[in-house]
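Okay, so here's the structure we're looking at.
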Amino acid sequence: MLIYKQFTFDAAHFLPNVSETHKCRKIHGHTYHLTLFFEGEVSAEYGWVIDFADIKKHVNPIVKSLDHHFLNEIEGLENPTSEVICMWLWNKIKPLIPELCRIELKETPTSGAVYSGK
């Protein structure tokens, strides 16, 4: 069974490795939409893969560490592209919730990244 939980956060960043004339070289912000997917067997006892409350308990502090922050100042996010943010989130969440199997991060309604640990 595949389940998901969604989160949002607002954050500012710039991309330091693009040309001086690239619009993303300037500080700007996004409302990020984060969807986390979890895979596993449905528990006969509880009827779920994992309790959504447990997901929120582990993920909310991580999301809060990004919300209304300047991402470039966070260790590991010095070049905070959607792809880098996905990998950073994976490395924070996967050890806490082993059922995590995919992360989708949208930085705009039409742009984002998907990461599954590979």
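Just remember, in the structure tokens the first chain shown is A, the second B, etc., residues are 1-based per chain, and ligands are 1-based in the order shown.
The list of residues with at least one atom within 7 Å of Ala113 of chain A, based on only C-alpha atoms and without residues fewer than 4 positions apart in the same chain, reads Ser82, Glu83, Glu104, Leu105 and Lys106 of chain A.
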Would you return as a VMD selection string the members of chain A that DSSP assigns to alpha helix (DSSP H) on this structure's backbone? chain A and resid 52 to 66 82 to 93
Extract, using only C-alpha atoms, all DNA, RNA and protein residues at most 8 Å from Ile97 of chain A, discarding same-chain residues fewer than 3 positions from it, and format them as a list of chain:residue names.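 My list of contacting residues is A:Ile55, A:His58, A:Ile93, A:Lys94, A:Leu100.
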Export of the given selection (N, CA, C and O atoms) as a PDB file, in the first residue's frame:
ATOM      1  N   ILE A  55       3.808  10.357  11.418  1.00  0.00           N
ATOM      2  CA  ILE A  55       4.481  11.066  10.329  1.00  0.00           C
ATOM      3  C   ILE A  55       4.631  12.533  10.709  1.00  0.00           C
ATOM      4  O   ILE A  55       5.725  13.106  10.621  1.00  0.00           O
ATOM      5  N   HIS A  58       7.288  13.366  13.375  1.00  0.00           N
ATOM      6  CA  HIS A  58       8.679  13.348  12.915  1.00  0.00           C
ATOM      7  C   HIS A  58       8.989  14.441  11.890  1.00  0.00           C
ATOM      8  O   HIS A  58      10.087  14.994  11.892  1.00  0.00           O
ATOM      9  N   ILE A  93      14.529  12.498   6.868  1.00  0.00           N
ATOM     10  CA  ILE A  93      13.293  11.776   7.179  1.00  0.00           C
ATOM     11  C   ILE A  93      13.455  10.261   7.121  1.00  0.00           C
ATOM     12  O   ILE A  93      12.919   9.545   7.972  1.00  0.00           O
ATOM     13  N   LYS A  94      14.165   9.752   6.144  1.00  0.00           N
ATOM     14  CA  LYS A  94      14.276   8.291   5.950  1.00  0.00           C
ATOM     15  C   LYS A  94      14.769   7.557   7.199  1.00  0.00           C
ATOM     16  O   LYS A  94      14.212   6.499   7.534  1.00  0.00           O
ATOM     17  N   LEU A 100       9.384   5.589   4.175  1.00  0.00           N
ATOM     18  CA  LEU A 100       9.467   6.637   3.163  1.00  0.00           C
ATOM     19  C   LEU A 100      10.002   6.034   1.867  1.00  0.00           C
ATOM     20  O   LEU A 100      11.036   5.358   1.863  1.00  0.00           O
TER      21      LEU A 100
END
Can you work out which one of A:Leu2, A:Leu34, A:Val18, A:Ile50 has the shortest atom-to-atom distance to Thr108 of chain A, counting only C-alpha atoms? A:Leu34
Which polymer residues have any atom within 12 Å of an atom of Lys56 of chain A, counting only C-alpha atoms, with same-chain residues fewer than 2 positions away left out, as a VMD selection string? chain A and resid 4 to 7 36 50 to 54 58 to 64 93 96 to 97
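Contact shell of Thr81 of chain A at 10 Å (only C-alpha atoms; same-chain neighbours under 4 positions omitted): His13, Phe14, Leu15, Pro16, Cys24, Leu71, Asn72, Leu77, Ile85, Cys86, Glu107, Gly112 and Ala113 of chain A.
For the choices A:Met1, A:Ala11, A:Leu66, A:Val84, the atom-to-atom distance to Glu41 of chain A is smallest for A:Met1 when using only C-alpha atoms.
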